[in-house]
Each structure stands twice: as C-alpha cells, then as structure tokens.
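Asker: To be precise about what I am sending: the file is called upload-v7.csv and holds CSV, C-alpha atoms.
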```
chain,number,residue,atom,x,y,z
T,147,MET,CA,87.0,74.2,25.7
T,148,ALA,CA,88.4,71.0,27.3
T,149,THR,CA,90.8,69.0,25.1
T,150,LYS,CA,89.3,65.7,23.9
T,151,CYS,CA,91.3,62.7,25.0
T,152,ALA,CA,91.5,61.6,21.3
T,153,HIS,CA,93.3,64.9,20.5
T,154,CYS,CA,95.5,65.0,23.6
T,155,PRO,CA,98.8,66.6,22.6
T,156,LEU,CA,100.7,64.4,25.1
T,157,ARG,CA,99.8,61.3,23.0
T,158,ARG,CA,102.3,62.5,20.4
T,159,SER,CA,105.2,62.0,22.8
T,160,ASN,CA,107.1,58.8,22.6
T,161,LEU,CA,107.3,58.9,26.4
T,162,PHE,CA,103.8,57.5,26.8
T,163,VAL,CA,102.4,54.1,26.0
T,164,PRO,CA,100.0,54.4,23.1
T,165,HIS,CA,96.3,54.3,24.0
T,166,SER,CA,93.9,51.8,22.3
T,167,ASP,CA,90.6,53.3,21.0
T,168,ASP,CA,88.8,51.6,24.0
T,169,ASP,CA,91.3,53.2,26.5
T,170,THR,CA,90.8,56.6,24.9
T,171,LYS,CA,87.0,56.3,25.0
T,172,PHE,CA,87.1,55.2,28.6
T,173,MET,CA,89.4,58.0,29.7
T,174,GLN,CA,87.1,60.5,28.0
T,175,ARG,CA,84.2,59.2,30.1
T,176,PHE,CA,86.3,59.3,33.3
T,177,LYS,CA,87.4,62.9,32.6
T,178,VAL,CA,85.0,65.5,33.9
T,179,GLY,CA,86.7,68.7,32.6
T,180,GLU,CA,89.8,70.8,32.8
T,181,LEU,CA,91.2,73.2,35.4
T,182,VAL,CA,93.5,76.1,34.6
T,183,ILE,CA,95.6,77.4,37.5
T,184,GLU,CA,98.2,80.1,38.1
T,185,PRO,CA,101.7,79.7,39.5
T,186,GLY,CA,101.6,79.2,43.3
T,187,THR,CA,98.1,77.7,43.3
T,188,PRO,CA,97.8,74.6,45.4
T,189,MET,CA,95.9,71.8,43.6
T,190,LEU,CA,96.2,69.3,46.6
T,191,ILE,CA,96.9,70.1,50.2
T,192,GLU,CA,98.5,67.9,52.8
T,193,GLY,CA,95.8,66.5,55.1
T,194,ALA,CA,93.0,67.4,52.7
T,195,ASN,CA,90.5,65.0,51.2
T,196,SER,CA,90.1,65.8,47.5
T,197,PRO,CA,87.1,64.7,45.4
T,198,GLN,CA,89.2,65.0,42.2
T,199,LEU,CA,92.2,63.4,40.6
T,200,PHE,CA,94.3,65.2,37.9
T,201,THR,CA,96.7,64.7,35.0
T,202,ALA,CA,99.0,67.5,34.3
T,203,LEU,CA,98.3,68.5,30.7
T,204,ARG,CA,100.4,71.6,30.5
T,205,GLY,CA,102.8,73.3,32.8
T,206,MET,CA,105.0,72.3,35.8
T,207,GLY,CA,104.5,72.0,39.5
T,208,LEU,CA,106.0,70.7,42.8
T,209,ARG,CA,105.1,67.9,45.3
T,210,TYR,CA,106.3,68.7,48.8
T,211,LYS,CA,105.9,68.0,52.5
T,212,THR,CA,106.0,70.6,55.2
T,213,LEU,CA,107.3,70.0,58.7
T,214,GLU,CA,105.8,71.5,61.8
T,215,ASN,CA,108.6,74.1,62.0
T,216,GLY,CA,107.8,75.3,58.4
T,217,ARG,CA,110.7,73.5,56.7
T,218,ARG,CA,109.8,72.0,53.4
T,219,GLN,CA,111.0,68.9,51.6
T,220,VAL,CA,110.4,68.8,47.9
T,221,LEU,CA,109.5,65.3,46.9
T,222,ASN,CA,109.7,65.7,43.2
T,223,PHE,CA,108.8,67.9,40.3
T,224,VAL,CA,105.6,67.6,38.3
T,225,PHE,CA,105.8,67.6,34.5
T,226,PRO,CA,103.2,67.2,31.8
T,227,GLY,CA,101.7,63.7,31.8
T,228,ASP,CA,102.0,63.1,35.6
T,229,PHE,CA,99.0,61.7,37.4
T,230,ILE,CA,98.2,63.6,40.6
T,231,GLY,CA,96.1,62.6,43.6
T,232,LEU,CA,96.4,58.8,43.7
T,233,GLN,CA,97.5,59.0,47.3
T,234,ALA,CA,94.3,60.7,48.4
T,235,ALA,CA,92.2,58.3,46.4
T,236,VAL,CA,93.7,55.3,48.1
T,237,MET,CA,94.5,56.6,51.6
T,238,GLY,CA,91.6,59.0,52.0
T,239,GLU,CA,93.7,62.2,52.3
T,240,MET,CA,96.9,63.6,51.0
T,241,GLN,CA,100.1,63.1,52.9
T,242,HIS,CA,101.9,65.9,50.9
T,243,SER,CA,100.9,69.0,49.0
T,244,VAL,CA,101.1,69.7,45.2
T,245,GLU,CA,101.2,73.2,43.7
T,246,ALA,CA,101.8,74.9,40.4
T,247,THR,CA,105.0,76.7,39.6
T,248,THR,CA,103.9,77.8,36.1
T,249,PRO,CA,100.5,78.3,34.6
T,250,MET,CA,99.0,74.8,34.5
T,251,THR,CA,96.2,73.0,32.7
T,252,LEU,CA,94.9,69.9,34.5
T,253,CYS,CA,92.7,67.2,33.2
T,254,VAL,CA,90.2,66.6,36.0
T,255,PHE,CA,88.8,63.1,36.9
T,256,ASN,CA,86.0,62.3,39.4
T,257,ARG,CA,87.5,60.4,42.3
T,258,ALA,CA,84.0,58.8,43.0
T,259,GLU,CA,84.6,56.7,39.8
T,260,PHE,CA,87.9,55.4,41.0
T,261,TRP,CA,86.8,52.0,42.2
T,262,HIS,CA,84.6,51.5,39.2
T,263,PHE,CA,87.7,52.2,37.2
T,264,PHE,CA,89.5,49.3,38.9
T,265,LYS,CA,86.5,46.9,38.5
T,266,THR,CA,85.8,47.5,34.8
T,267,HIS,CA,89.2,48.3,33.3
T,268,PRO,CA,91.9,46.1,34.9
T,269,GLU,CA,94.5,47.0,32.3
T,270,ARG,CA,94.1,50.7,33.1
T,271,ALA,CA,94.1,49.8,36.8
T,272,PHE,CA,97.4,48.0,36.3
T,273,ASP,CA,98.8,51.2,34.7
T,274,LEU,CA,98.0,53.1,37.9
T,275,THR,CA,99.8,50.4,39.9
T,276,TRP,CA,102.8,50.7,37.6
T,277,LEU,CA,102.9,54.4,38.1
T,278,ALA,CA,102.8,53.9,41.9
T,279,ALA,CA,105.7,51.4,41.7
T,280,VAL,CA,107.7,53.8,39.6
T,281,GLU,CA,107.1,56.6,42.1
T,282,GLU,CA,108.3,54.3,44.9
T,283,HIS,CA,111.4,53.5,42.9
T,284,PHE,CA,112.1,57.1,42.2
T,285,MET,CA,111.8,58.0,45.9
T,286,GLY,CA,114.3,55.3,46.7
T,287,GLU,CA,116.7,56.7,44.2
T,288,THR,CA,116.2,60.2,45.6
T,289,LEU,CA,116.9,58.9,49.1
T,290,ALA,CA,120.1,57.3,47.9
T,291,THR,CA,121.1,60.5,46.3
T,292,VAL,CA,120.5,62.6,49.3
T,293,GLY,CA,122.2,60.1,51.6
T,294,GLN,CA,125.2,59.0,49.5
T,295,ARG,CA,126.0,61.6,46.9
T,296,ASP,CA,127.9,64.8,47.6
T,297,ALA,CA,126.5,68.2,46.7
T,298,THR,CA,128.0,68.3,43.2
T,299,GLU,CA,126.8,64.8,42.5
T,300,ARG,CA,123.3,65.5,43.8
T,301,VAL,CA,122.9,68.6,41.6
T,302,ALA,CA,124.3,66.9,38.6
T,303,TRP,CA,122.0,63.9,39.2
T,304,ALA,CA,118.9,66.1,39.4
T,305,LEU,CA,119.7,68.2,36.3
T,306,VAL,CA,120.3,65.1,34.2
T,307,LYS,CA,117.0,63.5,35.4
T,308,ILE,CA,115.2,66.7,34.6
T,309,MET,CA,116.8,67.0,31.2
T,310,GLN,CA,116.0,63.4,30.3
T,311,ARG,CA,112.4,64.0,31.2
T,312,GLY,CA,112.3,67.2,29.1
T,313,GLU,CA,113.8,65.4,26.1
T,314,ALA,CA,111.2,62.6,26.3
T,315,LEU,CA,108.5,65.3,26.4
T,316,GLY,CA,109.9,67.2,23.4
T,317,LEU,CA,110.7,70.2,25.5
T,318,VAL,CA,114.4,70.4,24.7
T,319,LYS,CA,115.8,72.4,21.8
T,320,ASN,CA,119.5,73.1,21.3
T,321,HIS,CA,120.4,71.4,24.6
T,322,THR,CA,118.0,73.8,26.4
T,323,MET,CA,114.6,73.3,28.1
T,324,PRO,CA,112.3,75.6,30.0
T,325,LEU,CA,112.6,75.1,33.7
T,326,HIS,CA,110.5,77.5,35.7
T,327,TYR,CA,111.6,76.5,39.2
T,328,ARG,CA,113.6,78.4,41.8
T,329,GLN,CA,117.0,77.4,43.1
T,330,GLN,CA,115.3,77.0,46.5
T,331,ASP,CA,113.1,74.3,45.0
T,332,LEU,CA,116.1,72.4,43.9
T,333,ALA,CA,117.8,72.9,47.3
T,334,ASP,CA,114.7,71.7,49.1
T,335,ALA,CA,114.6,68.6,46.9
T,336,LEU,CA,118.3,67.7,47.5
T,337,GLY,CA,118.7,68.5,51.2
T,338,LEU,CA,121.1,71.4,50.5
T,339,SER,CA,121.1,75.0,51.6
T,340,LEU,CA,120.3,77.6,49.0
T,341,VAL,CA,123.9,79.0,49.3
T,342,HIS,CA,125.4,75.6,48.7
T,343,THR,CA,123.1,74.9,45.8
T,344,ASN,CA,124.0,78.3,44.2
T,345,LYS,CA,127.7,77.7,44.6
T,346,THR,CA,127.4,74.2,43.1
T,347,LEU,CA,125.5,75.4,40.1
T,348,SER,CA,128.1,78.1,39.6
T,349,LYS,CA,130.9,75.5,39.6
T,350,LEU,CA,129.0,73.5,36.9
T,351,ARG,CA,128.5,76.6,34.9
T,352,GLU,CA,132.2,77.5,35.2
T,353,ARG,CA,133.1,74.0,33.9
T,354,GLN,CA,130.7,74.6,31.0
T,355,LEU,CA,128.7,71.6,31.9
T,356,ALA,CA,125.3,73.1,32.8
T,357,SER,CA,123.7,76.5,33.2
T,358,TRP,CA,120.3,77.4,34.7
T,359,HIS,CA,119.0,80.9,34.6
T,360,ASP,CA,116.0,83.0,33.4
T,361,GLY,CA,113.8,79.9,33.5
T,362,ALA,CA,115.9,77.8,31.1
T,363,LEU,CA,118.2,74.8,31.8
T,364,PHE,CA,121.1,74.3,29.4
T,365,ILE,CA,123.3,71.2,29.6
T,366,ASN,CA,126.2,71.1,27.2
T,367,ASP,CA,127.0,67.4,27.7
T,368,CYS,CA,124.6,65.1,29.5
T,369,GLU,CA,127.1,62.2,29.4
T,370,LYS,CA,129.8,64.2,31.3
T,371,LEU,CA,127.3,65.5,33.8
T,372,ALA,CA,126.0,61.9,34.4
T,373,LYS,CA,129.5,60.7,34.9
T,374,ILE,CA,129.9,63.3,37.7
T,375,ALA,CA,126.6,62.1,39.2
T,376,ARG,CA,127.7,58.4,39.0
T,377,MET,CA,124.6,57.5,37.1
T,378,ASP,CA,123.6,56.0,33.8
T,379,THR,CA,122.0,58.0,31.0
T,380,GLU,CA,119.2,55.6,29.9
T,381,ALA,CA,116.1,57.3,28.6
T,382,PRO,CA,113.1,57.2,30.9
T,383,PRO,CA,110.9,54.1,30.2
T,384,GLN,CA,107.6,54.5,28.4
T,385,ARG,CA,104.9,55.3,30.9
T,386,PRO,CA,101.1,55.1,30.9
T,387,LEU,CA,99.2,58.3,30.3
T,388,MET,CA,96.0,58.6,32.4
```
Mind turning the file's structure into structure tokens?

Answerer:
Amino acid sequence: MATKCAHCPLRRSNLFVPHSDDDTKFMQRFKVGELVIEPGTPMLIEGANSPQLFTALRGMGLRYKTLENGRRQVLNFVFPGDFIGLQAAVMGEMQHSVEATTPMTLCVFNRAEFWHFFKTHPERAFDLTWLAAVEEHFMGETLATVGQRDATERVAWALVKIMQRGEALGLVKNHTMPLHYRQQDLADALGLSLVHTNKTLSKLRERQLASWHDGALFINDCEKLAKIARMDTEAPPQRPLM
C-alpha cells in the first residue's frame, strides 16, 4: 500500500523543512500513488515527455546526459527526498535521463495538476523554485570542481558531499553509509577515466581517509578529506520535501 504523506518516513529527517498540516493534506491530494522499480530502470528518459513527477521515497539513482557518441556525463546522484521531473514539467520534455541504481520506491504526482499547484499553493510553489535554484547552484559548484580541482580534490569533494547528504538522511553509522554506485558512475560525474578514479580512490584508502567497496562508503575523517578538496564542511541546508 502507498505510504500516506502524514506517515512519510522522510519527515523524521532533520534535512527536510517540517510540513504544516495543510501542506501534508495538499501533497496527499497531489500524490496519485507509488512506483517500485528495480536497479537499471529508467524513470525519465532524455527527450521524453513524462505525464508524471516523482519524489524518491527510498533508494538511489542517477541523473545523466548522453552524447551522440554514447559518452555519458553524470549530472548528480539521486537520494531519498529528491524531486524528479521538474524539468519536463516546465520545458515540456526531459533534457537528461534519470534511472535507478538500487531498488527504488517513488512517490508519483500527476503532472497535469502542476499549474494548479502553483495557482493554489504559492508557498509550495516557492519550494519548487528554491529546489531549482539549489540545483543550479550545485551544477555551478560541480562545474568549478571539474574545471579547477585536480583528480584527488575532485574525488575528495564528491565523497564529502555524498557523506554529508547521507548523514543528513540518517544513513551513516560508524562513519559508513550504503553507496550502491559503480566507480564508473563517479568517474562519469567528475570527468575522469575509470582507471584514474580507481587509482585516486586507492590513494585515499592507503592514506586511511576514505574507503569505498562492496556498496559501502567509509570516511574516517571528513574534515581532513574536505581540507584536501579545499571545501568547507557545512551541513546541507534544510530543504523542502515534496
């Protein structure tokens, strides 16, 4: 059975702005069901016009863009609480693809109600605008990383960002969080070859700073890793939950 918005497990996380009772009731009306998908299943495809919008309730995925020659650029990683499909709702079709890397449960929303959403609930509409602005900021930070950080700094930056998100979601225990991606996914996100990514991860492991294997990421000292990445370690800001 679909999870009721009032009982959403994500609401227990401090990462998300608390819902008012009115917000919860409205989101329950906006939600039309849930979708369970397996790893490797695309939920949105570049160039497609999707009638649905999603929130990741459980599991992890990838956003990526594919070039004509088949090369892939990973845009970012999808975690529980992420809103998916806003681009198609505004622009008519997706400009990138999104697929699951683990079993995922998605809250499904009817795109046909999208404009009614803006008209009748401006505060929730502002939340969507905020999410779009944060996404833009993150893409700028990623571009700066790919363009100005060396390989070790890039990998360190990505691992700290991922661990910070995992901590905010309550996924980290004893400095370890589940991370069911491939090294190729990380390489495609950072503009590195798989070989270079593997060697960089090995160096960080040898220095006892970070280890990623068997679907688990371990970071011994986030502060030291962040220093290598030339970044701060501020926790992610509270974000709206759609």

Asker: Residues at most 9 Å from Pro164 in chain T, counting all atoms listed in the file, excluding those fewer than 5 positions away in the same chain, as an mmCIF file with C-alpha atoms, in the coordinates of the input?

Answerer:
```cif
data_model
loop_
_atom_site.group_PDB
_atom_site.id
_atom_site.type_symbol
_atom_site.label_atom_id
_atom_site.label_comp_id
_atom_site.auth_asym_id
_atom_site.auth_seq_id
_atom_site.Cartn_x
_atom_site.Cartn_y
_atom_site.Cartn_z
ATOM 1 C CA ARG T 157 99.800 61.300 23.000
ATOM 2 C CA ARG T 158 102.300 62.500 20.400
ATOM 3 C CA PRO T 386 101.100 55.100 30.900
ATOM 4 C CA LEU T 387 99.200 58.300 30.300
#
```

Asker: Hey, what's within 12 Å of range 280-291 of chain T if we count only C-alpha atoms and toss same-chain stuff fewer than 2 positions away? As a ChimeraX atom specification, please?

Answerer: /T:209,219-224,228-230,232-233,273-278,293-304,307,335-338,375-377,382-386

Asker: Check the smallest atom-to-atom distance from each of T:Met189, T:Ala258, T:Ala152, T:Met250 to Gly231 in chain T using only C-alpha atoms, then report the winner.

Answerer: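 With only C-alpha atoms as the atom set, the closest residue is T:Met189.
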
Asker: Under the rule that only C-alpha atoms are counted, which of T:Phe172, T:Tyr327, T:Phe162, T:Phe255 is the nearest residue to Glu269 in chain T?

Answerer: T:Phe172

Asker: Quick one: everything within 7 Å of range 308-316 of chain T, counting only C-alpha atoms, minus sequence neighbours fewer than 3 positions away in the same chain. Send it as a PyMOL selection string.

Answerer: chain T and resi 159-161+304-305+323+381-382

Asker: Please indicate the distance in Å from CA of Gln174 in chain T to CA of Pro188 in chain T, rounded to one decimal place.

Answerer: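 Between CA of Gln174 in chain T and CA of Pro188 in chain T the gap is 24.8 Å.
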